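*Asks:* Sharing run_5.cif (mmCIF, C-alpha atoms) below.
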```
data_model
loop_
_atom_site.label_atom_id
_atom_site.label_comp_id
_atom_site.auth_asym_id
_atom_site.auth_seq_id
_atom_site.Cartn_x
_atom_site.Cartn_y
_atom_site.Cartn_z
CA LYS A 478 136.91 99.86 119.08
CA GLN A 479 137.43 97.26 121.78
CA GLU A 480 134.25 95.68 123.13
CA VAL A 481 134.14 93.42 126.15
CA THR A 482 131.23 91.08 126.83
CA GLN A 483 130.49 89.03 129.91
CA ILE A 484 127.99 86.20 129.84
CA PRO A 485 125.90 85.45 131.80
CA ALA A 486 124.82 88.73 133.32
CA ALA A 487 123.74 86.90 136.47
CA LEU A 488 124.40 83.47 137.89
CA SER A 489 123.02 81.73 140.98
CA VAL A 490 124.49 78.42 142.18
CA PRO A 491 124.48 76.36 145.37
CA GLU A 492 127.41 76.50 147.72
CA GLY A 493 130.26 74.12 146.96
CA GLU A 494 129.93 74.14 143.19
CA ASN A 495 132.80 74.88 140.85
CA LEU A 496 131.85 77.57 138.35
CA VAL A 497 133.16 79.44 135.33
CA LEU A 498 132.60 83.07 134.40
CA ASN A 499 133.21 84.11 130.82
CA CYS A 500 134.68 87.23 129.26
CA SER A 501 135.14 87.87 125.54
CA PHE A 502 136.79 90.77 123.75
CA THR A 503 136.90 91.84 120.11
CA ASP A 504 140.45 93.19 119.68
CA SER A 505 143.19 90.69 120.52
CA ALA A 506 145.92 93.36 120.56
CA ILE A 507 146.03 93.71 124.33
CA TYR A 508 148.62 94.30 127.04
CA ASN A 509 146.74 92.42 129.71
CA LEU A 510 143.37 91.44 131.10
CA GLN A 511 142.24 91.92 134.65
CA TRP A 512 139.47 90.36 136.72
CA PHE A 513 137.85 92.41 139.46
CA ARG A 514 135.35 91.78 142.20
CA GLN A 515 132.81 94.42 143.27
CA ASP A 516 130.66 94.11 146.36
CA PRO A 517 127.44 96.18 146.53
CA GLY A 518 128.17 99.84 147.24
CA LYS A 519 131.92 99.27 147.17
CA GLY A 520 134.83 99.87 144.86
CA LEU A 521 136.49 97.30 142.64
CA THR A 522 139.07 94.90 144.03
CA SER A 523 141.62 93.39 141.69
CA LEU A 524 141.59 89.59 141.72
CA LEU A 525 143.92 88.48 138.95
CA LEU A 526 145.97 90.15 136.24
CA ILE A 527 147.03 88.17 133.18
CA GLN A 528 149.66 89.62 130.87
CA SER A 529 149.18 89.02 127.15
CA SER A 530 152.10 86.56 127.13
CA GLN A 531 150.54 84.43 129.87
CA ARG A 532 147.92 81.70 129.58
CA GLU A 533 146.68 81.64 133.15
CA GLN A 534 147.03 82.98 136.65
CA THR A 535 145.99 81.40 139.94
CA SER A 536 145.20 82.83 143.35
CA GLY A 537 143.77 80.49 145.95
CA ARG A 538 140.47 79.10 144.67
CA LEU A 539 140.54 81.38 141.64
CA ASN A 540 142.05 80.57 138.28
CA ALA A 541 141.91 82.87 135.29
CA SER A 542 142.81 81.79 131.78
CA LEU A 543 143.48 83.84 128.68
CA ASP A 544 143.18 82.82 125.04
CA LYS A 545 144.22 86.00 123.29
CA SER A 546 143.83 84.69 119.75
CA SER A 547 140.19 83.78 120.30
CA GLY A 548 139.49 86.84 122.45
CA ARG A 549 138.39 84.92 125.52
CA SER A 550 139.11 84.70 129.20
CA THR A 551 137.52 82.59 131.89
CA LEU A 552 137.50 82.94 135.66
CA TYR A 553 137.20 79.60 137.41
CA ILE A 554 136.04 79.58 141.03
CA ALA A 555 136.50 76.32 142.88
CA ALA A 556 134.36 75.15 145.79
CA SER A 557 132.22 78.30 145.82
CA GLN A 558 131.23 79.89 149.13
CA PRO A 559 128.49 82.39 150.05
CA GLY A 560 131.24 84.97 150.57
CA ASP A 561 132.04 84.74 146.87
CA SER A 562 128.72 86.45 146.10
CA ALA A 563 129.56 89.68 144.27
CA THR A 564 129.74 91.15 140.79
CA TYR A 565 132.76 90.04 138.80
CA LEU A 566 134.09 92.30 136.06
CA CYS A 567 136.77 91.74 133.47
CA ALA A 568 138.70 94.58 131.89
CA VAL A 569 141.01 94.58 128.90
CA ASN A 570 144.00 96.89 128.50
CA THR A 571 144.05 97.46 124.76
CA ILE A 572 147.22 98.42 122.89
CA GLN A 573 145.40 100.79 120.53
CA GLY A 574 144.45 103.82 122.59
CA ALA A 575 145.98 102.17 125.61
CA GLN A 576 145.09 104.94 128.01
CA LYS A 577 142.27 103.02 129.53
CA LEU A 578 140.86 99.69 130.41
CA VAL A 579 137.68 98.62 128.66
CA PHE A 580 135.32 96.96 131.10
CA GLY A 581 132.69 94.35 130.61
CA GLN A 582 129.27 94.84 132.20
CA GLY A 583 129.98 92.19 134.82
CA THR A 584 128.43 88.95 136.02
CA ARG A 585 126.42 89.15 139.24
CA LEU A 586 127.16 85.95 141.14
CA THR A 587 125.03 84.62 143.99
CA ILE A 588 126.14 81.58 145.98
CA ASN A 589 123.27 80.04 147.91
CA PRO A 590 124.00 78.36 151.26
CA ILE J 563 146.85 101.17 154.98
CA ALA J 564 148.06 102.18 151.53
CA GLY J 565 145.44 102.90 148.95
CA ILE J 566 143.12 105.44 147.40
CA THR J 567 140.95 107.80 149.40
CA GLN J 568 137.93 109.49 147.85
CA ALA J 569 135.80 112.28 149.32
CA PRO J 570 132.98 112.85 149.78
CA THR J 571 131.52 109.34 149.89
CA SER J 572 128.10 110.69 149.04
CA GLN J 573 126.70 114.08 148.02
CA ILE J 574 123.40 115.55 146.90
CA LEU J 575 123.85 118.60 144.73
CA ALA J 576 121.54 121.14 143.12
CA ALA J 577 121.82 121.47 139.35
CA GLY J 578 124.10 124.31 138.30
CA ARG J 579 126.34 124.08 141.35
CA ARG J 580 130.07 123.48 141.17
CA MET J 581 131.43 120.33 142.78
CA THR J 582 134.89 118.87 143.24
CA LEU J 583 135.43 115.21 144.03
CA ARG J 584 138.71 114.57 145.75
CA CYS J 585 141.06 111.64 145.22
CA THR J 586 144.33 110.96 146.98
CA GLN J 587 146.63 107.97 146.65
CA ASP J 588 149.63 107.08 148.77
CA MET J 589 151.15 104.37 146.59
CA ARG J 590 153.27 106.78 144.51
CA HIS J 591 151.55 105.52 141.37
CA ASN J 592 152.26 107.43 138.19
CA ALA J 593 148.86 107.06 136.52
CA MET J 594 145.46 108.02 137.87
CA TYR J 595 141.98 107.73 136.42
CA TRP J 596 138.40 108.85 136.98
CA TYR J 597 135.57 106.52 136.01
CA ARG J 598 131.83 106.80 136.34
CA GLN J 599 129.67 103.74 136.83
CA ASP J 600 126.05 103.71 135.69
CA LEU J 601 123.56 100.88 135.63
CA GLY J 602 123.47 99.29 132.20
CA LEU J 603 126.45 101.30 130.95
CA GLY J 604 129.20 99.88 133.13
CA LEU J 605 132.39 101.77 133.92
CA ARG J 606 133.39 104.58 131.59
CA LEU J 607 136.60 106.58 131.70
CA ILE J 608 136.15 110.33 132.20
CA HIS J 609 139.73 111.65 132.42
CA TYR J 610 143.13 110.22 133.12
CA SER J 611 146.62 111.36 134.02
CA ASN J 612 149.72 109.42 133.04
CA THR J 613 151.99 111.40 135.35
CA ALA J 614 151.96 114.55 137.45
CA GLY J 615 151.45 117.63 135.29
CA THR J 616 149.65 115.82 132.44
CA THR J 617 146.01 114.94 131.86
CA GLY J 618 143.98 113.43 129.05
CA LYS J 619 140.37 112.93 128.02
CA GLY J 620 138.67 109.61 128.30
CA GLU J 621 135.45 108.32 126.83
CA VAL J 622 133.03 110.78 128.50
CA PRO J 623 134.94 113.98 129.39
CA ASP J 624 132.29 116.64 128.68
CA GLY J 625 131.23 118.63 131.73
CA TYR J 626 134.24 117.49 133.78
CA SER J 627 137.75 118.81 134.34
CA VAL J 628 140.76 117.47 136.21
CA SER J 629 144.15 118.62 137.37
CA ARG J 630 147.27 116.77 138.48
CA ALA J 631 149.47 119.21 140.37
CA ASN J 632 151.35 116.42 142.17
CA THR J 633 151.66 112.63 142.19
CA ASP J 634 149.19 111.98 144.98
CA ASP J 635 146.12 114.09 144.16
CA PHE J 636 143.73 113.98 141.22
CA PRO J 637 140.57 116.05 141.81
CA LEU J 638 137.59 115.89 139.46
CA THR J 639 135.53 119.06 139.04
CA LEU J 640 132.00 119.46 137.73
CA ALA J 641 131.82 123.15 136.80
CA SER J 642 128.01 123.29 136.57
CA ALA J 643 126.38 120.02 137.57
CA VAL J 644 123.49 118.56 135.54
CA PRO J 645 121.15 115.68 136.46
CA SER J 646 122.81 113.37 133.90
CA GLN J 647 125.95 113.54 136.01
CA THR J 648 124.18 111.61 138.75
CA SER J 649 126.39 108.55 139.09
CA VAL J 650 128.94 106.74 141.20
CA TYR J 651 132.42 108.06 140.57
CA PHE J 652 135.52 105.94 141.06
CA CYS J 653 139.10 107.11 141.22
CA ALA J 654 141.77 104.56 140.30
CA SER J 655 145.53 104.40 139.97
CA SER J 656 148.21 102.21 138.47
CA ARG J 657 151.98 102.18 138.81
CA LEU J 658 152.51 102.68 135.09
CA ALA J 659 150.50 104.39 132.36
CA VAL J 660 151.07 102.17 129.34
CA ASN J 661 150.61 98.45 130.01
CA THR J 662 149.10 99.60 133.24
CA GLY J 663 149.55 96.52 135.30
CA GLU J 664 147.25 96.18 138.27
CA LEU J 665 144.63 98.87 138.71
CA PHE J 666 143.59 99.95 142.21
CA PHE J 667 140.24 101.60 142.94
CA GLY J 668 138.87 103.86 145.63
CA GLU J 669 135.56 103.15 147.35
CA GLY J 670 133.64 105.58 145.18
CA SER J 671 131.72 108.84 145.52
CA ARG J 672 127.97 108.65 145.00
CA LEU J 673 126.72 111.91 143.49
CA THR J 674 123.09 112.86 143.01
CA VAL J 675 122.29 115.99 141.02
CA LEU J 676 118.75 117.30 141.43
#
```
Could you rewrite the structure in this file as structure tokens?

*Replies:*
Amino acid sequence: KQEVTQIPAALSVPEGENLVLNCSFTDSAIYNLQWFRQDPGKGLTSLLLIQSSQREQTSGRLNASLDKSSGRSTLYIAASQPGDSATYLCAVNTIQGAQKLVFGQGTRLTINP
Amino acid sequence: IAGITQAPTSQILAAGRRMTLRCTQDMRHNAMYWYRQDLGLGLRLIHYSNTAGTTGKGEVPDGYSVSRANTDDFPLTLASAVPSQTSVYFCASSRLAVNTGELFFGEGSRLTVL
């Protein structure tokens, strides 16, 4: 059974810092991995999707990497801003029983002005 | 604006009552999903539908039913609500079922069962 872990559960940094959020998964047989952002009381917004054949994806100040063999992904946020404060979740689309994404518990990020 | 619409956004319900959460998407996506999100448990899949006319059980299907009469709509029904079904419910969709590609979410329906 696929398990997805995100560490740390919460992170607070000053504005302007570059930061890395971590996601690990136990079953490397995946189709893809997705990073989402969730603001309080809102739905999830897709940030980046990495297919299993890819090593990284970039969108603006965000860069996500994937090391399938080691079961790890990182989300790099450059030059953080207070507006980046949110919960960030990763989800893995597993080949076995591939009817669902398996989500991590998320990292709650706070950027202090 | 294309996307997923959920209704109601919030509801308080007496235990034992029947409740249907509505979900409509206008992206012509094949696959649709219902998740519940609970503190400490994260997002868990309740039911899914790979295409109109088919449905399947997710991780926590008991007490819930779904139907997929057409591509756009995917209602979730609680036949007899219980307090443990208090949660935030999210509907989602993706263009494909297998190797889902990007997943799109609605804004959620907050349900409280008393």

*Asks:* Residues at most 8 Å from Pro570 (chain J), counting all atoms listed in the file, excluding those fewer than 3 positions away in the same chain, as an MDAnalysis selection string?

*Replies:* chainID J and resid 573 583:584 671

*Asks:* At a cut-off of 7 Å, which residues of chain J touch chain A? Count all atoms listed in the file and give the answer as a PyMOL selection string.

*Replies:* chain J and resi 604-605+659-661+664-670

*Asks:* How many Å separate CA of Ala643 (chain J) from CA of Leu601 (chain J)?

*Replies:*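 Between these atoms lies a distance of 19.4 Å.
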
*Asks:* Which value, in Å to one decimal, gives the distance between CA of Ser627 (chain J) and CA of His591 (chain J)?

*Replies:*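 So the two atoms, CA of Ser627 (chain J) and CA of His591 (chain J), lie 20.4 Å apart.
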
*Asks:* Please compute the CA of Tyr565 (chain A)-CA of Leu543 (chain A) distance, one decimal, in Å.

*Replies:* 16.0 Å

*Asks:* Residues near Gly625 (chain J), anyone? I mean within 8 Å using all atoms listed in the file, not counting same-chain ones fewer than 4 positions away, as a list in words.

*Replies:*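 Counting only the stated atoms, we get Leu640, Ala641, Ser642 and Ala643 of chain J.
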
*Asks:* Could you save the residues just selected, with C-alpha atoms, as a tab-separated table (two decimals), in the coordinates of the input?

*Replies:*
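After the write, part_14.tsv holds the following:
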```tsv
chain	number	residue	atom	x	y	z
J	640	LEU	CA	132.00	119.46	137.73
J	641	ALA	CA	131.82	123.15	136.80
J	642	SER	CA	128.01	123.29	136.57
J	643	ALA	CA	126.38	120.02	137.57
```

*Asks:* Residues at most 12 Å from Pro491 (chain A), counting all atoms listed in the file, excluding those fewer than 4 positions away in the same chain, as a PyMOL selection string?

*Replies:* chain A and resi 495-496+556-559+561-562+586-590

*Asks:* Counting only C-alpha atoms, figure out which residue out of J:Tyr610, J:Ile566, J:Val675, J:Tyr626 gets nearest to Asp588 (chain J).

*Replies:*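 Under the stated criterion, the closest residue is J:Ile566.
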
*Asks:* Given the file shown, enumerate the residues that the PyMOL selection byres ((chain J and resi 632) around 10) captures and present them as a list of chain:residue names.

*Replies:* J:Asn592, J:Thr613, J:Ala614, J:Gly615, J:Thr616, J:Ser629, J:Arg630, J:Ala631, J:Thr633, J:Asp634, J:Asp635, J:Phe636

*Asks:* Taking 2 positions as the minimum chain separation for residues in the same chain, which residues sit within 7 Å of Ser611 (chain J) when counting only C-alpha atoms? Answer as a PyMOL selection string.

*Replies:* chain J and resi 593-595+613+616-618

*Asks:* Taking the file as I've supplied it (selection: the PyMOL selection byres ((chain J and resi 651) around 9)), which residues are included? Please answer as a VMD selection string.

*Replies:* chain J and resid 583 596 to 599 649 to 650 652 to 653 669 to 673

*Asks:* Which polymer residues have any atom within 12 Å of an atom of Ser547 (chain A), counting all atoms listed in the file, with same-chain residues fewer than 6 positions away left out, as a ChimeraX atom specification?

*Replies:* /A:500-506

*Asks:* Emit the selected residues as a PDB file, keeping the file's coordinate frame, including C-alpha atoms.

*Replies:*
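So the final result, stored in result18.pdb, reads:
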```
ATOM      1  CA  CYS A 500     134.680  87.230 129.260  1.00  0.00           C
ATOM      2  CA  SER A 501     135.140  87.870 125.540  1.00  0.00           C
ATOM      3  CA  PHE A 502     136.790  90.770 123.750  1.00  0.00           C
ATOM      4  CA  THR A 503     136.900  91.840 120.110  1.00  0.00           C
ATOM      5  CA  ASP A 504     140.450  93.190 119.680  1.00  0.00           C
ATOM      6  CA  SER A 505     143.190  90.690 120.520  1.00  0.00           C
ATOM      7  CA  ALA A 506     145.920  93.360 120.560  1.00  0.00           C
TER       8      ALA A 506
END
```

*Asks:* Rank nothing, just name the residue among J:Asp600, J:Ala654, J:Gly620, J:Ser646 nearest to Gln568 (chain J), using only C-alpha atoms.

*Replies:* J:Ala654

*Asks:* Of the candidates A:Pro485, A:Gln573, A:Gln479, A:Leu498, which shows the shortest atom-to-atom distance to Ala555 (chain A), using only C-alpha atoms?

*Replies:*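 The answer is A:Leu498, which sits nearest to Ala555 (chain A).
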
*Asks:* Taking into account all atoms listed in the file, which residue in the set J:Leu658, J:Ala569, J:Leu607, J:Val644 is nearest to Arg590 (chain J)?

*Replies:*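 Looking at the shortest contact to Arg590 (chain J), the residue is J:Leu658.
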